[in-house]
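entry.tsv (TSV, C-alpha atoms)
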chain	number	residue	atom	x	y	z
A	47	MET	CA	-11.89	18.99	-12.66
A	48	GLN	CA	-14.87	17.97	-14.73
A	49	ASN	CA	-14.64	14.19	-14.36
A	50	VAL	CA	-12.40	11.31	-13.34
A	51	SER	CA	-10.97	10.84	-16.84
A	52	ALA	CA	-9.72	14.41	-16.72
A	53	PHE	CA	-7.82	13.45	-13.59
A	54	PHE	CA	-5.68	11.15	-15.70
A	55	MET	CA	-5.74	12.83	-19.07
A	56	LYS	CA	-5.07	16.47	-18.26
A	57	LEU	CA	-2.28	16.91	-20.78
A	58	ASP	CA	-1.37	20.47	-19.85
A	59	VAL	CA	-0.19	19.13	-16.49
A	60	THR	CA	1.86	16.28	-17.94
A	61	VAL	CA	3.40	18.77	-20.36
A	62	LEU	CA	5.09	20.25	-17.33
A	63	LEU	CA	7.14	17.08	-17.06
A	64	TYR	CA	8.93	17.99	-20.26
A	65	PRO	CA	11.49	20.78	-20.00
A	66	ASP	CA	11.70	21.35	-23.75
A	67	ARG	CA	8.03	22.35	-24.05
A	68	LYS	CA	7.08	26.03	-24.09
A	69	VAL	CA	5.84	26.43	-20.55
A	70	PRO	CA	6.18	29.73	-18.66
A	71	ASP	CA	9.13	29.49	-16.26
A	72	LYS	CA	7.19	30.88	-13.28
A	73	ARG	CA	4.41	28.34	-13.75
A	74	LEU	CA	6.90	25.48	-14.10
A	75	ALA	CA	8.86	26.56	-11.03
A	76	ALA	CA	5.69	26.81	-8.97
A	77	TRP	CA	4.55	23.36	-10.10
A	78	GLU	CA	7.94	21.83	-9.24
A	79	GLU	CA	7.87	23.43	-5.81
A	80	ARG	CA	4.43	22.01	-5.03
A	81	HIS	CA	5.32	18.52	-6.30
A	82	ARG	CA	8.99	18.25	-5.32
A	83	ALA	CA	8.19	15.32	-3.03
A	84	PHE	CA	6.90	13.42	-6.06
A	85	ILE	CA	9.37	14.35	-8.77
A	86	HIS	CA	12.48	14.52	-6.57
A	87	ILE	CA	13.88	17.65	-8.21
A	88	PRO	CA	15.99	19.54	-5.67
A	89	ALA	CA	16.54	23.28	-5.78
A	90	VAL	CA	19.43	23.16	-8.25
A	91	SER	CA	19.86	23.95	-11.93
A	92	ARG	CA	17.49	21.76	-13.95
A	93	ILE	CA	20.25	20.78	-16.37
A	94	GLN	CA	22.44	19.44	-13.57
A	95	THR	CA	22.56	15.75	-12.67
A	96	VAL	CA	20.93	15.27	-9.30
A	97	GLU	CA	21.43	12.72	-6.53
A	98	ASN	CA	18.88	10.15	-7.59
A	99	GLY	CA	19.63	10.28	-11.29
A	100	TRP	CA	16.86	12.59	-12.54
A	101	THR	CA	18.10	15.18	-14.98
A	102	ASN	CA	16.82	17.54	-17.59
A	103	ARG	CA	16.80	15.80	-20.95
A	104	ARG	CA	19.23	18.34	-22.39
A	105	GLY	CA	22.86	17.33	-22.09
A	106	ASP	CA	22.02	13.88	-20.72
A	107	GLY	CA	23.26	10.56	-22.06
A	108	MET	CA	21.37	7.40	-22.91
A	109	LYS	CA	19.86	5.63	-19.92
A	110	VAL	CA	17.87	2.43	-19.51
A	111	ASP	CA	15.57	0.97	-16.89
A	112	PHE	CA	15.09	-2.70	-17.65
A	113	HIS	CA	12.91	-3.87	-14.79
A	114	VAL	CA	9.73	-1.90	-14.11
A	115	HIS	CA	6.44	-3.24	-12.71
A	116	LEU	CA	3.06	-1.70	-13.45
A	117	GLU	CA	1.61	-3.00	-10.21
A	118	GLU	CA	2.65	-4.98	-7.17
A	119	GLY	CA	0.38	-5.85	-4.25
A	120	PRO	CA	-0.68	-6.77	-1.67
A	121	TYR	CA	-3.35	-4.08	-1.66
A	122	SER	CA	-2.68	-2.59	1.75
A	123	LEU	CA	-2.96	0.92	3.14
A	124	ASP	CA	0.70	1.39	2.25
A	125	TRP	CA	-0.13	0.43	-1.33
A	126	LEU	CA	-2.95	3.00	-1.46
A	127	VAL	CA	-0.62	5.71	-0.16
A	128	GLY	CA	1.90	4.83	-2.87
A	129	GLN	CA	-0.76	5.06	-5.56
A	130	ALA	CA	-1.91	8.41	-4.20
A	131	CYS	CA	1.66	9.74	-4.39
A	132	ALA	CA	1.87	8.59	-8.01
A	133	LEU	CA	-1.39	10.28	-8.94
A	134	ARG	CA	-0.92	13.50	-7.01
A	135	PRO	CA	0.70	15.56	-9.79
A	136	LEU	CA	-2.39	15.09	-11.94
A	137	LEU	CA	-4.66	16.93	-9.52
A	138	ASP	CA	-6.22	20.06	-10.89
A	139	GLU	CA	-3.86	22.91	-10.10
A	140	LYS	CA	-6.85	24.95	-8.96
A	141	GLN	CA	-7.36	22.59	-6.05
A	142	GLU	CA	-5.34	23.65	-3.03
A	143	SER	CA	-3.30	20.79	-1.58
A	144	GLY	CA	-4.81	19.68	1.70
A	145	SER	CA	-8.27	21.07	0.98
A	146	ARG	CA	-11.41	18.96	1.05
A	147	GLY	CA	-11.82	19.39	-2.71
A	148	TRP	CA	-8.24	18.19	-3.26
A	149	ALA	CA	-8.89	15.09	-1.13
A	150	HIS	CA	-12.14	14.43	-3.00
A	151	GLU	CA	-10.40	14.52	-6.38
A	152	LEU	CA	-7.63	12.27	-5.11
A	153	VAL	CA	-10.11	9.66	-3.87
A	154	LYS	CA	-11.92	9.76	-7.22
A	155	GLY	CA	-8.61	9.24	-9.00
A	156	LEU	CA	-7.73	6.26	-6.79
A	157	ALA	CA	-11.14	4.71	-7.41
A	158	HIS	CA	-10.70	5.13	-11.17
A	159	ARG	CA	-7.19	3.68	-10.99
A	160	LEU	CA	-8.49	0.58	-9.20
A	161	GLN	CA	-11.40	0.25	-11.62
A	162	ARG	CA	-9.22	0.41	-14.72
A	163	GLY	CA	-6.42	-1.70	-13.27
A	164	PRO	CA	-2.71	-1.45	-14.12
A	165	TYR	CA	-3.06	-2.21	-17.83
A	166	SER	CA	-4.60	1.05	-18.93
A	167	ARG	CA	-3.16	3.71	-21.19
A	168	GLU	CA	-3.71	6.41	-18.58
A	169	TRP	CA	-1.57	4.57	-16.00
A	170	LEU	CA	1.12	3.58	-18.48
A	171	ASP	CA	1.32	7.17	-19.73
A	172	LEU	CA	2.60	8.21	-16.32
A	173	TYR	CA	5.52	5.80	-16.72
A	174	ARG	CA	6.21	7.15	-20.20
A	175	ALA	CA	6.17	10.75	-18.99
A	176	ARG	CA	8.50	9.91	-16.13
A	177	ALA	CA	10.91	8.05	-18.41
A	178	LYS	CA	10.97	10.92	-20.89
A	179	GLN	CA	11.67	13.46	-18.17
A	180	ALA	CA	14.56	11.32	-16.95
A	181	GLY	CA	16.08	10.93	-20.42
A	182	ILE	CA	15.61	7.16	-20.32
A	183	SER	CA	15.80	5.69	-23.80
A	184	GLN	CA	14.57	2.15	-23.05
A	185	VAL	CA	12.08	0.96	-20.44
A	186	CYS	CA	11.26	-2.71	-19.97
A	187	VAL	CA	8.03	-3.57	-18.17
A	188	VAL	CA	8.53	-6.90	-16.40
A	189	GLU	CA	5.65	-8.43	-14.48
A	190	HIS	CA	5.93	-11.34	-12.04
A	191	LEU	CA	4.35	-14.59	-13.14
A	192	TYR	CA	2.57	-14.83	-9.78
A	193	ARG	CA	0.52	-11.78	-10.77
A	194	PHE	CA	-1.49	-13.87	-13.23
A	195	ALA	CA	-4.42	-15.95	-12.00
A	196	ASP	CA	-3.84	-18.82	-14.43
A	197	PHE	CA	-0.48	-19.58	-12.80
A	198	ARG	CA	-1.62	-19.84	-9.22
A	199	PRO	CA	-1.56	-23.68	-9.51
A	200	TYR	CA	2.09	-23.49	-10.63
A	201	TYR	CA	3.03	-21.76	-7.38
A	202	GLU	CA	0.84	-24.02	-5.26
A	203	GLN	CA	2.92	-26.96	-6.53
A	204	PHE	CA	6.17	-25.59	-5.19
A	205	ILE	CA	5.67	-23.11	-2.33
A	206	HIS	CA	4.63	-24.03	1.17
A	207	VAL	CA	0.84	-23.60	1.47
A	208	GLY	CA	0.20	-25.92	4.39
A	209	HIS	CA	-2.01	-25.30	7.41
A	210	ASP	CA	0.66	-23.78	9.65
A	211	ARG	CA	1.13	-20.03	10.03
A	212	LEU	CA	3.61	-19.74	7.16
A	213	GLY	CA	1.50	-21.86	4.82
A	214	LYS	CA	-1.65	-19.87	5.54
A	215	ALA	CA	0.19	-16.57	5.07
A	216	GLN	CA	1.68	-17.65	1.75
A	217	ARG	CA	-1.65	-18.98	0.49
A	218	GLN	CA	-3.30	-15.69	1.45
A	219	TRP	CA	-0.49	-13.70	-0.19
A	220	LEU	CA	-0.81	-15.69	-3.43
A	221	GLY	CA	-4.56	-15.05	-3.48
A	222	GLN	CA	-3.93	-11.33	-3.04
A	223	MET	CA	-1.38	-11.19	-5.86
A	224	ALA	CA	-2.86	-13.42	-8.60
A	225	ASN	CA	-5.39	-11.06	-10.18
A	226	ASP	CA	-4.58	-10.44	-13.83
A	227	SER	CA	-4.42	-12.09	-17.26
A	228	LEU	CA	-1.09	-12.83	-18.91
A	229	PRO	CA	-2.43	-12.61	-22.51
A	230	ALA	CA	-4.11	-9.27	-21.71
A	231	TYR	CA	-0.84	-7.92	-20.26
A	232	VAL	CA	1.20	-8.84	-23.34
A	233	ALA	CA	-1.44	-7.59	-25.81
A	234	PHE	CA	-1.78	-4.28	-23.99
A	235	LEU	CA	1.93	-3.49	-24.03
A	236	ALA	CA	2.28	-4.59	-27.65
A	237	GLU	CA	-0.39	-2.06	-28.61
A	238	GLU	CA	1.44	0.73	-26.77
A	239	ARG	CA	4.90	0.21	-28.30
A	240	GLU	CA	4.37	2.53	-31.27
A	241	ARG	CA	3.03	5.32	-29.10
A	242	TRP	CA	6.11	5.16	-26.88
A	243	ALA	CA	8.42	5.06	-29.90
A	244	GLU	CA	6.81	8.20	-31.28
A	245	ASP	CA	7.67	9.87	-27.99
A	246	GLY	CA	11.30	8.79	-28.20
A	247	VAL	CA	11.25	5.93	-25.68
A	248	ALA	CA	11.53	2.25	-26.57
A	249	LEU	CA	9.03	0.10	-24.65
A	250	ARG	CA	10.21	-3.47	-24.07
A	251	ILE	CA	8.06	-6.36	-22.83
A	252	GLY	CA	9.40	-8.78	-20.25
A	253	ILE	CA	8.38	-11.43	-17.74
A	254	GLU	CA	9.88	-12.39	-14.38
A	255	LEU	CA	9.59	-16.12	-13.80
A	256	ASP	CA	10.04	-17.88	-10.48
A	257	TYR	CA	12.29	-20.88	-10.92
A	258	PHE	CA	11.58	-24.10	-9.05
A	259	PRO	CA	13.44	-27.36	-9.78
A	260	GLY	CA	10.91	-29.47	-11.65
A	261	GLY	CA	8.96	-26.50	-13.02
A	262	GLU	CA	11.02	-26.01	-16.17
A	263	GLY	CA	8.33	-27.40	-18.50
A	264	GLU	CA	5.68	-24.90	-17.44
A	265	LEU	CA	8.13	-22.02	-17.66
A	266	ARG	CA	9.27	-23.07	-21.11
A	267	GLU	CA	5.67	-22.94	-22.35
A	268	VAL	CA	5.30	-19.37	-21.08
A	269	ILE	CA	8.59	-18.36	-22.66
A	270	GLU	CA	7.82	-19.87	-26.06
A	271	LYS	CA	4.21	-18.71	-26.29
A	272	TYR	CA	4.71	-14.93	-26.17
A	273	PRO	CA	6.93	-12.41	-28.04
A	274	TRP	CA	9.13	-11.40	-25.11
A	275	ASP	CA	11.99	-8.96	-25.33
A	276	VAL	CA	13.55	-10.43	-22.18
A	277	CYS	CA	12.82	-13.35	-19.87
A	278	MET	CA	14.07	-12.95	-16.33
A	279	GLY	CA	14.47	-15.72	-13.79
A	280	ALA	CA	14.40	-15.40	-10.02
A	281	VAL	CA	14.48	-17.52	-6.89
A	282	HIS	CA	12.01	-15.82	-4.55
A	283	PHE	CA	10.90	-18.94	-2.66
A	284	PRO	CA	13.96	-20.92	-1.55
A	285	GLY	CA	12.79	-24.04	0.22
A	286	GLY	CA	9.21	-23.06	-0.62
A	287	LYS	CA	9.42	-20.06	1.74
A	288	GLY	CA	9.06	-16.65	0.13
A	289	TYR	CA	11.05	-13.67	1.25
A	290	LEU	CA	8.37	-11.65	-0.55
A	291	VAL	CA	5.98	-12.53	2.30
A	292	ARG	CA	7.04	-10.27	5.12
A	293	ASN	CA	6.83	-10.31	8.91
A	294	LEU	CA	6.65	-14.05	9.43
A	295	GLN	CA	8.43	-15.53	12.43
A	296	GLU	CA	9.06	-18.74	10.49
A	297	GLN	CA	11.25	-16.81	8.09
A	298	LEU	CA	13.50	-15.69	10.93
A	299	GLU	CA	13.83	-19.23	12.25
A	300	VAL	CA	15.35	-20.34	8.97
A	301	HIS	CA	18.70	-18.86	10.05
A	302	ALA	CA	19.12	-21.74	12.47
A	303	SER	CA	19.82	-23.99	9.49
A	304	PRO	CA	23.55	-23.89	8.60
A	305	GLY	CA	22.84	-25.24	5.11
A	306	TRP	CA	20.33	-22.53	4.20
A	307	PHE	CA	22.59	-20.46	1.95
A	308	VAL	CA	23.97	-23.62	0.36
A	309	ARG	CA	20.48	-24.73	-0.67
A	310	TYR	CA	19.58	-21.27	-1.93
A	311	PHE	CA	22.62	-20.91	-4.18
A	312	ASP	CA	22.17	-24.51	-5.37
A	313	VAL	CA	18.75	-23.51	-6.75
A	314	VAL	CA	20.11	-20.27	-8.25
A	315	GLU	CA	22.77	-22.29	-10.09
A	316	GLN	CA	20.12	-24.74	-11.31
A	317	ALA	CA	18.10	-21.80	-12.63
A	318	ILE	CA	21.14	-20.56	-14.55
A	319	ASP	CA	21.97	-24.02	-15.90
A	320	SER	CA	18.38	-24.49	-17.11
A	321	GLY	CA	19.20	-22.11	-19.97
A	322	LEU	CA	15.69	-20.67	-19.79
A	323	PHE	CA	16.53	-17.09	-18.86
A	324	ASP	CA	18.20	-14.09	-20.43
A	325	VAL	CA	18.72	-12.45	-17.03
A	326	LEU	CA	18.91	-13.82	-13.47
A	327	THR	CA	17.59	-11.26	-11.00
A	328	HIS	CA	18.03	-10.80	-7.24
A	329	LEU	CA	21.17	-12.95	-7.10
A	330	ASP	CA	21.67	-12.33	-3.39
A	331	GLY	CA	17.98	-11.99	-2.58
A	332	VAL	CA	18.31	-14.58	0.17
A	333	ARG	CA	20.07	-11.94	2.24
A	334	ALA	CA	16.64	-10.42	2.79
A	335	PHE	CA	16.26	-13.13	5.44
A	336	ASP	CA	19.27	-11.74	7.29
A	337	PRO	CA	20.76	-8.45	6.02
A	338	LYS	CA	23.42	-8.65	8.75
A	339	ALA	CA	24.75	-12.03	7.66
A	340	ASP	CA	28.54	-12.21	7.42
A	341	GLU	CA	29.12	-11.65	3.73
A	342	MET	CA	32.65	-13.07	3.88
A	343	THR	CA	31.12	-16.53	4.27
A	344	LEU	CA	29.13	-15.98	1.06
A	345	LEU	CA	32.05	-15.07	-1.21
A	346	PRO	CA	32.64	-18.68	-2.39
A	347	TYR	CA	28.98	-18.83	-3.44
A	348	TYR	CA	29.31	-15.51	-5.27
A	349	GLN	CA	32.26	-16.94	-7.21
A	350	ARG	CA	30.31	-20.07	-8.01
A	351	ILE	CA	27.28	-18.14	-9.32
A	352	ALA	CA	29.46	-15.77	-11.36
A	353	ARG	CA	31.17	-18.74	-13.01
A	354	ALA	CA	27.80	-20.31	-13.83
A	355	LEU	CA	26.47	-17.08	-15.38
A	356	ARG	CA	29.62	-16.76	-17.48
A	357	ARG	CA	29.45	-20.42	-18.51
A	358	MET	CA	25.84	-20.10	-19.67
A	359	ASP	CA	26.31	-16.58	-21.11
A	360	THR	CA	23.46	-15.32	-18.92
A	361	ALA	CA	23.19	-11.73	-17.73
A	362	THR	CA	22.15	-10.32	-14.39
A	363	GLU	CA	20.99	-6.91	-13.13
A	364	LEU	CA	21.91	-4.24	-10.62
A	365	ASN	CA	18.66	-3.60	-8.77
A	366	THR	CA	18.42	-0.20	-7.10
A	367	ALA	CA	15.19	-0.90	-5.20
A	368	CYS	CA	16.79	-3.47	-2.93
A	369	VAL	CA	18.34	-0.97	-0.52
A	370	ARG	CA	19.29	-2.60	2.77
A	371	GLY	CA	19.33	-0.61	5.99
A	372	GLN	CA	18.52	2.96	6.82
A	373	THR	CA	22.06	4.32	7.14
A	374	GLN	CA	24.00	2.39	4.49
A	375	ARG	CA	22.72	2.08	0.94
A	376	GLU	CA	23.39	-1.24	-0.71
A	377	PHE	CA	21.89	-2.31	-3.99
A	378	SER	CA	21.40	-5.92	-5.07
A	379	PRO	CA	23.71	-7.59	-5.73
A	380	SER	CA	26.06	-6.18	-3.11
A	381	TYR	CA	29.19	-4.31	-4.17
A	382	ARG	CA	31.45	-7.28	-3.35
A	383	PHE	CA	29.26	-9.54	-5.46
A	384	LEU	CA	29.26	-6.92	-8.22
A	385	GLN	CA	33.07	-6.85	-8.30
A	386	ILE	CA	33.16	-10.64	-8.68
A	387	LEU	CA	30.61	-10.52	-11.49
A	388	ALA	CA	32.70	-7.89	-13.28
A	389	GLN	CA	35.84	-9.99	-12.90
A	390	HIS	CA	34.03	-12.86	-14.62
A	391	GLU	CA	32.71	-10.48	-17.32
A	392	VAL	CA	29.06	-11.32	-16.61
A	393	PRO	CA	26.79	-8.99	-18.65
A	394	ILE	CA	24.62	-6.73	-16.51
A	395	THR	CA	21.66	-4.41	-16.95
A	396	LEU	CA	20.11	-1.72	-14.74
A	397	SER	CA	16.85	-1.99	-12.83
A	398	SER	CA	14.87	0.44	-10.70
A	399	HIS	CA	12.34	-2.31	-9.90
A	400	ALA	CA	9.75	0.47	-9.92
A	401	THR	CA	6.22	-0.47	-8.87
A	402	ALA	CA	4.76	3.02	-9.52
A	403	PRO	CA	5.56	5.79	-12.02
A	404	ASP	CA	7.39	8.01	-9.52
A	405	GLN	CA	9.97	5.25	-8.94
A	406	VAL	CA	11.08	4.85	-12.57
A	407	GLY	CA	14.80	5.55	-12.82
A	408	GLN	CA	15.36	5.77	-9.07
A	409	HIS	CA	19.05	5.81	-8.05
A	410	LEU	CA	20.22	4.84	-11.56
A	411	ALA	CA	22.91	7.53	-11.72
A	412	GLU	CA	24.42	6.20	-8.52
A	413	ALA	CA	24.12	2.66	-9.85
A	414	ARG	CA	26.01	3.55	-13.04
A	415	MET	CA	28.81	5.02	-10.94
A	416	GLN	CA	28.91	1.86	-8.85
A	417	LEU	CA	29.11	-0.30	-11.98
A	418	ARG	CA	32.04	1.72	-13.28
A	419	ARG	CA	33.86	1.45	-9.94
A	420	ALA	CA	33.33	-2.32	-9.97
A	421	GLY	CA	34.91	-2.57	-13.43
A	422	TYR	CA	31.99	-2.48	-15.85
A	423	ALA	CA	32.13	-0.39	-19.02
A	424	SER	CA	28.87	-1.44	-20.68
A	425	LEU	CA	25.24	-2.33	-19.98
A	426	ALA	CA	23.21	-5.17	-21.47
A	427	VAL	CA	19.92	-4.35	-23.19
A	428	PHE	CA	17.47	-6.70	-24.89
A	429	ALA	CA	15.04	-6.77	-27.81
A	430	ASP	CA	13.35	-9.92	-29.16
A	431	ARG	CA	15.46	-11.84	-26.62
A	432	LYS	CA	18.64	-10.70	-28.34
A	433	ARG	CA	21.23	-9.02	-26.15
A	434	SER	CA	23.32	-6.03	-27.14
A	435	LEU	CA	25.64	-3.77	-25.17
A	436	MET	CA	25.70	-0.03	-24.69
A	437	GLU	CA	28.44	2.01	-23.10
A	438	ILE	CA	27.95	3.26	-19.54
A	439	GLU	CA	28.12	7.04	-19.67
Go through the file and emit its structure as C-alpha cells.
Amino acid sequence: MQNVSAFFMKLDVTVLLYPDRKVPDKRLAAWEERHRAFIHIPAVSRIQTVENGWTNRRGDGMKVDFHVHLEEGPYSLDWLVGQACALRPLLDEKQESGSRGWAHELVKGLAHRLQRGPYSREWLDLYRARAKQAGISQVCVVEHLYRFADFRPYYEQFIHVGHDRLGKAQRQWLGQMANDSLPAYVAFLAEERERWAEDGVALRIGIELDYFPGGEGELREVIEKYPWDVCMGAVHFPGGKGYLVRNLQEQLEVHASPGWFVRYFDVVEQAIDSGLFDVLTHLDGVRAFDPKADEMTLLPYYQRIARALRRMDTATELNTACVRGQTQREFSPSYRFLQILAQHEVPITLSSHATAPDQVGQHLAEARMQLRRAGYASLAVFADRKRSLMEIE
C-alpha cells in the first residue's frame, strides 16, 4: 500500500462487497474466505438468506436499519479492537494476514481513522458499502446527544456527578464521550446524502436525545434547529444513574429499591407525553441493571407504556444489539413487551444499533421474523420527521 489514504480508498477491494460487479469468482471466493469473520458470510449459496440477515442483493426485499452510530466510546482497548475489525477488509491483499507488514498497515489505518474522526467520507463509505451488500434501502445515522461537547452541561444538570465512586465514574465517562460538534455532524451527513442516493441507499439523519424531566426546553431547541429525519428519545440515566456506565457496584445496589422500576417507567411515560420524539428507544433498557428480573412483575408497566405510545402516536424500535445473555438471545424490547406493543398497534422500526460498519444490519432478518410472530405486518420509516409504513417482507 502506498499511503494511509489508500488504506481507506482502495476501491477495487470495496468492489468485492458488491456481488453484481464483474469480479472473478475465484478472487471473490478467496476474499470472502479470508474475511469471513468480518462479513459474516457462511459457506452457503450467496443468494440464500443467512442467519444474521446478510444476503446477496439479488432476490432480496427492502430492508431498513434506522439506528446506526458512526462512533461510540469510551476509547478503550476493546474499542480499538472493534475499529481494527472494521478496517481489516481494506488491507492490501498482498499483505499476508498476521505478518509484520499486515500489522504495520493496520496500525497506520487506525491512526488515520483516529485523526480523521468518525465524520469522514472514508469511514462513512464503509457503512454505505455494508448497507448495499445487505440490500438495505434506508439507513439512519443517529448519534447520541452526549457525544457533542456543547451539551456536556446539559448532562451535568441531570446525571449524578458527585464526589462518590459513581459520580466520579460518570463524570469521567461524560468527558470521554463528549468530543464532537453537533453542527459539523449534521452538515457532514447532509453533504453525503446525494452520494448515497446515487448508490441506491437513502441516508437519513437522526439524533438520540436523553430525556430528563425539566430538560424539555433544551431538547426542543436541538430538535427545532436542525433538519432531522427522525428524533429519538431515550431514558439512559434513570435516577441520574446511567446503565451506559458499566461495572459500577452502585448500579447493582439499586436493586434493593422496590420502587426502582416504577420510577424508571414513570420517566419513560413522561418522555412519551412530552411529545418531543418520533421514536422512543430502549423501552426496557432498565433491565440492563438486572437481566434476570422477573418479567411477570413488569407486564403492567409494559401495558402502561404501550398505551402511552398509542395515545401520543409515537413509535418505538426493535433493537437487535441489546442481546441479553450468552445462551438465550433477546432483543430490546423483550418478546413479551413486543407482543403488547403489537396489540396496541404501536408503530415500530428496526435498529441494529451498529457502532461500526461491520455491525450494520446485524440480526435484522431474525428481528423481522420476531416482529411477524408478535403480530406486526409493517415497519415505520421516517423522512423529514414524517412517518410512513412499509410492509415487512
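Summary of the local environment: counting all atoms listed in the file, residues at most 6 Å from A:Gln184, other than itself and those fewer than 2 positions away along its chain, are A:Val110, A:Ile182, A:Val247, A:Ala248.
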Residue neighbourhood A:Phe377, 12 Å, all atoms listed in the file, exclusion window fewer than 6 positions, as a ChimeraX atom specification: /A:328-331,333-334,337,363-371,383-384,396-399,408-410,412-414,416-417
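Distances here use only C-alpha atoms; by that measure, the residue among A:Leu345, A:Leu326, A:Met223, A:Ile251 closest to A:Val281 is A:Leu326.
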Given 8 Å of margin on each side, can you work out the centre and size in Å (one decimal) of an axis-aligned box holding every listed atom of stretch 208-222 of chain A, as JSON?
{"center_x": -0.5, "center_y": -18.6, "center_z": 3.3, "size_x": 24.2, "size_y": 30.6, "size_z": 29.5}
Using all atoms listed in the file: which of A:Arg162, A:Lys109, A:Arg419, A:Arg241 has the shortest distance to A:Glu439: A:Lys109
Interatomic distance (Å, one decimal) between atom CA of A:Gly221 and atom CA of A:Val406: 26.9 Å
